[in-house]
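The data block below is my_file.pdb; it holds PDB, C-alpha atoms and all ligand atoms.
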MODEL        1
ATOM      1  CA  MET A   1     148.507 134.876 106.843
ATOM      2  CA  SER A   2     147.926 138.574 106.873
ATOM      3  CA  ILE A   3     145.757 141.203 105.252
ATOM      4  CA  LYS A   4     147.019 142.121 101.814
ATOM      5  CA  GLU A   5     146.497 145.675 100.540
ATOM      6  CA  HIS A   6     145.824 145.635  96.821
ATOM      7  CA  LYS A   7     146.670 148.553  94.612
ATOM      8  CA  ILE A   8     143.756 150.911  93.973
ATOM      9  CA  LEU A   9     143.641 151.976  90.364
ATOM     10  CA  GLY A  10     141.372 154.621  88.979
ATOM     11  CA  ASP A  11     140.997 158.227  88.117
ATOM     12  CA  HIS A  12     138.408 160.987  88.345
ATOM     13  CA  ARG A  13     135.727 158.494  87.192
ATOM     14  CA  GLY A  14     136.171 156.266  90.243
ATOM     15  CA  LYS A  15     138.273 153.467  91.669
ATOM     16  CA  LEU A  16     139.128 149.952  90.590
ATOM     17  CA  VAL A  17     140.985 146.980  92.049
ATOM     18  CA  ALA A  18     142.181 144.189  89.732
ATOM     19  CA  LEU A  19     143.121 140.761  91.073
ATOM     20  CA  GLU A  20     144.846 138.180  88.920
ATOM     21  CA  ALA A  21     144.918 134.480  89.715
ATOM     22  CA  GLY A  22     148.432 133.226  90.323
ATOM     23  CA  ILE A  23     149.692 136.791  90.853
ATOM     24  CA  ASP A  24     147.517 138.558  93.438
ATOM     25  CA  ILE A  25     145.589 135.430  94.398
ATOM     26  CA  PRO A  26     147.855 132.463  95.243
ATOM     27  CA  PHE A  27     145.775 129.870  93.355
ATOM     28  CA  GLU A  28     143.749 129.390  90.199
ATOM     29  CA  ILE A  29     140.174 130.482  90.895
ATOM     30  CA  LYS A  30     137.570 127.789  90.201
ATOM     31  CA  ARG A  31     134.620 129.272  92.093
ATOM     32  CA  ILE A  32     133.404 132.488  93.578
ATOM     33  CA  PHE A  33     130.636 132.997  96.065
ATOM     34  CA  TYR A  34     129.490 135.979  98.024
ATOM     35  CA  ILE A  35     127.848 136.378 101.368
ATOM     36  CA  PHE A  36     125.351 139.141 102.048
ATOM     37  CA  GLY A  37     122.198 139.688 104.075
ATOM     38  CA  THR A  38     124.199 138.732 107.162
ATOM     39  CA  GLN A  39     123.077 139.735 110.624
ATOM     40  CA  VAL A  40     125.019 141.614 113.231
ATOM     41  CA  GLY A  41     125.972 139.106 115.947
ATOM     42  CA  VAL A  42     125.489 136.018 113.751
ATOM     43  CA  PRO A  43     128.804 134.378 112.767
ATOM     44  CA  ARG A  44     129.358 132.209 109.681
ATOM     45  CA  GLY A  45     131.980 129.808 108.485
ATOM     46  CA  GLN A  46     133.154 127.858 111.525
ATOM     47  CA  HIS A  47     134.791 125.207 109.430
ATOM     48  CA  SER A  48     138.021 124.275 107.727
ATOM     49  CA  HIS A  49     138.806 122.604 104.425
ATOM     50  CA  HIS A  50     141.008 119.622 103.645
ATOM     51  CA  ALA A  51     142.283 121.142 100.387
ATOM     52  CA  ILE A  52     140.262 124.183  99.315
ATOM     53  CA  GLN A  53     141.996 127.527  99.596
ATOM     54  CA  GLN A  54     139.990 130.736  99.807
ATOM     55  CA  TYR A  55     140.574 134.460  99.425
ATOM     56  CA  LEU A  56     138.190 136.858 101.128
ATOM     57  CA  ILE A  57     137.394 140.472 100.275
ATOM     58  CA  ALA A  58     134.716 142.666 101.848
ATOM     59  CA  VAL A  59     133.793 144.515  98.674
ATOM     60  CA  ASN A  60     131.272 146.500 100.686
ATOM     61  CA  GLY A  61     130.930 147.103 104.417
ATOM     62  CA  SER A  62     133.108 145.239 106.868
ATOM     63  CA  CYS A  63     133.521 142.047 108.835
ATOM     64  CA  LYS A  64     136.089 140.276 110.935
ATOM     65  CA  VAL A  65     137.661 136.931 110.155
ATOM     66  CA  THR A  66     139.286 134.748 112.790
ATOM     67  CA  LEU A  67     141.750 132.226 111.403
ATOM     68  CA  ASP A  68     143.005 129.367 113.550
ATOM     69  CA  ASN A  69     145.773 126.919 112.646
ATOM     70  CA  GLY A  70     144.974 124.659 115.593
ATOM     71  CA  LYS A  71     147.525 126.391 117.799
ATOM     72  CA  VAL A  72     147.164 130.126 117.243
ATOM     73  CA  LYS A  73     144.048 132.191 116.491
ATOM     74  CA  GLN A  74     144.272 135.576 114.860
ATOM     75  CA  THR A  75     141.488 138.010 114.011
ATOM     76  CA  TYR A  76     141.629 140.239 110.942
ATOM     77  CA  GLU A  77     139.328 143.063 109.883
ATOM     78  CA  LEU A  78     138.223 143.379 106.289
ATOM     79  CA  ASN A  79     136.857 146.892 105.953
ATOM     80  CA  HIS A  80     137.838 148.124 102.509
ATOM     81  CA  PRO A  81     137.505 146.681  98.982
ATOM     82  CA  SER A  82     141.283 146.930  98.530
ATOM     83  CA  LYS A  83     141.967 144.501 101.394
ATOM     84  CA  GLY A  84     142.147 140.737 100.953
ATOM     85  CA  LEU A  85     142.778 137.802 103.256
ATOM     86  CA  PHE A  86     144.074 134.385 102.224
ATOM     87  CA  GLN A  87     142.681 131.376 104.087
ATOM     88  CA  ASP A  88     144.784 128.327 103.395
ATOM     89  CA  ALA A  89     143.579 124.738 103.537
ATOM     90  CA  LEU A  90     143.522 123.245 107.034
ATOM     91  CA  ILE A  91     142.892 126.619 108.642
ATOM     92  CA  TRP A  92     139.733 126.952 110.718
ATOM     93  CA  GLY A  93     137.882 130.140 109.789
ATOM     94  CA  GLU A  94     135.043 132.104 111.293
ATOM     95  CA  MET A  95     133.550 135.266 109.814
ATOM     96  CA  HIS A  96     131.865 137.515 112.343
ATOM     97  CA  ASP A  97     131.005 141.097 113.290
ATOM     98  CA  PHE A  98     129.428 141.743 109.910
ATOM     99  CA  SER A  99     128.265 145.271 109.226
ATOM    100  CA  GLU A 100     124.673 145.377 107.957
ATOM    101  CA  ASP A 101     125.888 146.339 104.494
ATOM    102  CA  CYS A 102     128.652 143.731 104.275
ATOM    103  CA  LEU A 103     129.134 142.025 100.931
ATOM    104  CA  LEU A 104     131.869 139.443 101.408
ATOM    105  CA  LEU A 105     133.346 138.054  98.214
ATOM    106  CA  VAL A 106     135.101 134.684  98.478
ATOM    107  CA  LEU A 107     137.343 133.276  95.759
ATOM    108  CA  ALA A 108     137.940 129.530  96.027
ATOM    109  CA  SER A 109     140.504 127.189  94.515
ATOM    110  CA  GLU A 110     138.077 124.311  93.869
ATOM    111  CA  HIS A 111     134.477 123.651  92.963
ATOM    112  CA  TYR A 112     132.046 123.163  95.831
ATOM    113  CA  ASP A 113     132.578 119.815  97.505
ATOM    114  CA  GLU A 114     130.923 119.061 100.827
ATOM    115  CA  ALA A 115     133.439 116.220 101.370
ATOM    116  CA  ASP A 116     136.222 118.812 101.576
ATOM    117  CA  TYR A 117     134.652 120.452 104.636
ATOM    118  CA  ILE A 118     135.796 119.796 108.190
ATOM    119  CA  ARG A 119     132.883 121.058 110.278
ATOM    120  CA  ASP A 120     133.806 119.503 113.606
ATOM    121  CA  TYR A 121     136.407 121.490 115.568
ATOM    122  CA  ASP A 122     137.689 118.456 117.499
ATOM    123  CA  GLU A 123     138.217 116.578 114.221
ATOM    124  CA  PHE A 124     140.056 119.630 112.829
ATOM    125  CA  LYS A 125     142.359 119.717 115.875
ATOM    126  CA  LYS A 126     143.088 115.996 115.512
ATOM    127  CA  ILE A 127     143.999 116.417 111.826
ATOM    128  CA  VAL A 128     146.258 119.472 112.222
ATOM    129  CA  ASN A 129     147.956 118.263 115.387
ATOM    130  CA  ALA A 130     148.544 114.714 114.087
TER     131      ALA A 130
HETATM  132  P1  LIG A 201     128.166 127.225 104.259
HETATM  133  O1  LIG A 201     129.481 126.758 103.742
HETATM  134  O2  LIG A 201     127.583 126.545 105.438
HETATM  135  O3  LIG A 201     128.233 128.790 104.550
HETATM  136  P2  LIG A 201     129.209 129.602 105.525
HETATM  137  O4  LIG A 201     130.468 128.844 105.625
HETATM  138  O5  LIG A 201     129.385 130.917 104.872
HETATM  139  O6  LIG A 201     128.535 129.771 106.848
HETATM  140  O7  LIG A 201     127.153 127.176 103.035
HETATM  141  C1  LIG A 201     125.779 127.506 103.151
HETATM  142  C2  LIG A 201     125.004 126.656 102.153
HETATM  143  O8  LIG A 201     125.383 126.952 100.815
HETATM  144  C3  LIG A 201     125.238 125.169 102.364
HETATM  145  O9  LIG A 201     123.992 124.532 102.146
HETATM  146  C4  LIG A 201     126.179 124.784 101.240
HETATM  147  C5  LIG A 201     125.837 125.767 100.148
HETATM  148  N1  LIG A 201     126.993 126.140  99.297
HETATM  149  C6  LIG A 201     127.021 125.773  97.976
HETATM  150  O10 LIG A 201     126.094 125.108  97.452
HETATM  151  N2  LIG A 201     128.075 126.159  97.189
HETATM  152  C7  LIG A 201     129.097 126.875  97.692
HETATM  153  O11 LIG A 201     130.046 127.218  96.944
HETATM  154  C8  LIG A 201     129.070 127.259  99.091
HETATM  155  C9  LIG A 201     130.184 128.050  99.700
HETATM  156  C10 LIG A 201     127.999 126.870  99.848
ENDMDL
END

Show me this structure written as structure tokens.
Amino acid sequence: MSIKEHKILGDHRGKLVALEAGIDIPFEIKRIFYIFGTQVGVPRGQHSHHAIQQYLIAVNGSCKVTLDNGKVKQTYELNHPSKGLFQDALIWGEMHDFSEDCLLLVLASEHYDEADYIRDYDEFKKIVNA
């Protein structure tokens, strides 16, 4: 997983980024949600999913995302609306270091389903290291 730089389109009127499911986003998008009103020093996420895949874009402001496959953790910075980060299923994710003006857009491959969440880190480790 790595930060993807999407092409910035636009002209003298302003800028635009277009993302197409199955082309720029590696899944069909069934849900979007966005996170805002976050607080500096207060992390979010801290869970994994059994099957849901996500794609994260800080459309305003910035934040960091730490992804963990159970063996290796890597931290990415989303600080421009042209940058996106894919979070696959069975990857533990934490969003943190939000700027006050951060608006984090998340595209998801499935509808909301609490049963798809793995919220316990020890359980996550057991599943991925099995
Ligand atoms: P949660 O997943 O805990 O947020 P985060 O991972 O960003 O820290 O979700 C917060 C609340 O919102 C929780 O009560 C579940 C609810 N929720 C939905 O109803 N639909 C959704 O698509 C999402 C992502 C969360």

**OP:** Please give me, as number ranges by chain, the residues lying within 12 Å of ligand LIG 201 (chain A) when counting only C-alpha atoms and all ligand atoms.
**Re:** A: 30-39, 42-49, 52-54, 56, 65, 92-96, 98, 103-119

Contacts of Lys15 (chain A) at 12 Å or less, counting all atoms listed in the file, minus same-chain residues fewer than 6 places along, as a PDB file with C-alpha atoms, keeping the file's coordinate frame?
ATOM      1  CA  LYS A   7     146.670 148.553  94.612  1.00  0.00           C
ATOM      2  CA  ILE A   8     143.756 150.911  93.973  1.00  0.00           C
ATOM      3  CA  LEU A   9     143.641 151.976  90.364  1.00  0.00           C
ATOM      4  CA  PRO A  81     137.505 146.681  98.982  1.00  0.00           C
ATOM      5  CA  SER A  82     141.283 146.930  98.530  1.00  0.00           C
TER       6      SER A  82
END

Original post:
Which is closest to Phe27 (chain A) among A:Gln87, A:Asn60, A:Asn79, A:Ser99, if we use only C-alpha atoms?
Top reply: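 Nearest candidate to Phe27 (chain A) out of A:Gln87, A:Asn60, A:Asn79, A:Ser99: A:Gln87.
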
**OP:** Could you tell me which residues the PyMOL selection byres (((chain A and resi 3) around 9) and not hetatm) returns for this structure, as a ChimeraX atom specification?
**Re:** /A:1-2,4-5,76-78,83-86

Original post:
Between A:Ala51, A:Ile29, A:Cys102, A:Leu90, which one has atoms that come closest to Lys64 (chain A), using only C-alpha atoms?
Top reply: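 Answer, going by the shortest atom-to-atom distance: A:Cys102.
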
Original post:
From the set A:His80, A:Asn69, A:Tyr55, A:Lys126, which residue has the shortest atom-to-atom contact distance to Glu28 (chain A), counting only C-alpha atoms?
Top reply: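 Closest to Glu28 (chain A), using only C-alpha atoms: A:Tyr55.
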
**OP:** Go ahead and compute the interatomic distance for CA of Ser62 (chain A) and CA of Gly41 (chain A), in Å to one decimal.
**Re:**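 The value is 13.1 Å.
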
As a tab-separated table (two decimals), in the frame of the given file, please: region 84-105 of chain A completed to N, CA and C atoms.
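Output below, filename result_24.tsv:
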chain	number	residue	atom	x	y	z
A	84	GLY	N	142.48	142.14	101.15
A	84	GLY	CA	142.15	140.74	100.95
A	84	GLY	C	142.82	139.88	102.00
A	85	LEU	N	142.23	138.72	102.26
A	85	LEU	CA	142.78	137.80	103.26
A	85	LEU	C	142.77	136.38	102.70
A	86	PHE	N	143.94	135.76	102.70
A	86	PHE	CA	144.07	134.38	102.22
A	86	PHE	C	143.79	133.43	103.37
A	87	GLN	N	142.94	132.46	103.11
A	87	GLN	CA	142.68	131.38	104.09
A	87	GLN	C	143.14	130.08	103.45
A	88	ASP	N	144.21	129.55	103.95
A	88	ASP	CA	144.78	128.33	103.40
A	88	ASP	C	143.94	127.11	103.79
A	89	ALA	N	144.19	126.01	103.13
A	89	ALA	CA	143.58	124.74	103.54
A	89	ALA	C	144.03	124.43	104.97
A	90	LEU	N	143.22	123.66	105.66
A	90	LEU	CA	143.52	123.24	107.03
A	90	LEU	C	143.72	124.42	107.99
A	91	ILE	N	142.98	125.50	107.72
A	91	ILE	CA	142.89	126.62	108.64
A	91	ILE	C	141.41	126.78	108.98
A	92	TRP	N	141.13	126.77	110.28
A	92	TRP	CA	139.73	126.95	110.72
A	92	TRP	C	139.39	128.43	110.60
A	93	GLY	N	138.25	128.74	109.99
A	93	GLY	CA	137.88	130.14	109.79
A	93	GLY	C	136.49	130.46	110.28
A	94	GLU	N	136.38	131.62	110.89
A	94	GLU	CA	135.04	132.10	111.29
A	94	GLU	C	134.93	133.55	110.85
A	95	MET	N	133.83	133.88	110.18
A	95	MET	CA	133.55	135.27	109.81
A	95	MET	C	132.52	135.79	110.80
A	96	HIS	N	132.75	136.99	111.30
A	96	HIS	CA	131.86	137.51	112.34
A	96	HIS	C	131.90	139.03	112.35
A	97	ASP	N	131.10	139.63	113.19
A	97	ASP	CA	131.00	141.10	113.29
A	97	ASP	C	130.75	141.74	111.92
A	98	PHE	N	129.79	141.18	111.21
A	98	PHE	CA	129.43	141.74	109.91
A	98	PHE	C	128.72	143.08	110.09
A	99	SER	N	129.08	144.06	109.28
A	99	SER	CA	128.26	145.27	109.23
A	99	SER	C	126.99	144.91	108.44
A	100	GLU	N	125.94	145.69	108.63
A	100	GLU	CA	124.67	145.38	107.96
A	100	GLU	C	124.81	145.38	106.45
A	101	ASP	N	125.74	146.20	105.95
A	101	ASP	CA	125.89	146.34	104.49
A	101	ASP	C	127.03	145.49	103.94
A	102	CYS	N	127.48	144.50	104.73
A	102	CYS	CA	128.65	143.73	104.28
A	102	CYS	C	128.32	142.85	103.06
A	103	LEU	N	129.19	142.93	102.09
A	103	LEU	CA	129.13	142.02	100.93
A	103	LEU	C	130.52	141.38	100.86
A	104	LEU	N	130.58	140.14	101.29
A	104	LEU	CA	131.87	139.44	101.41
A	104	LEU	C	132.05	138.52	100.21
A	105	LEU	N	133.04	138.84	99.41
A	105	LEU	CA	133.35	138.05	98.21
A	105	LEU	C	134.40	137.01	98.58
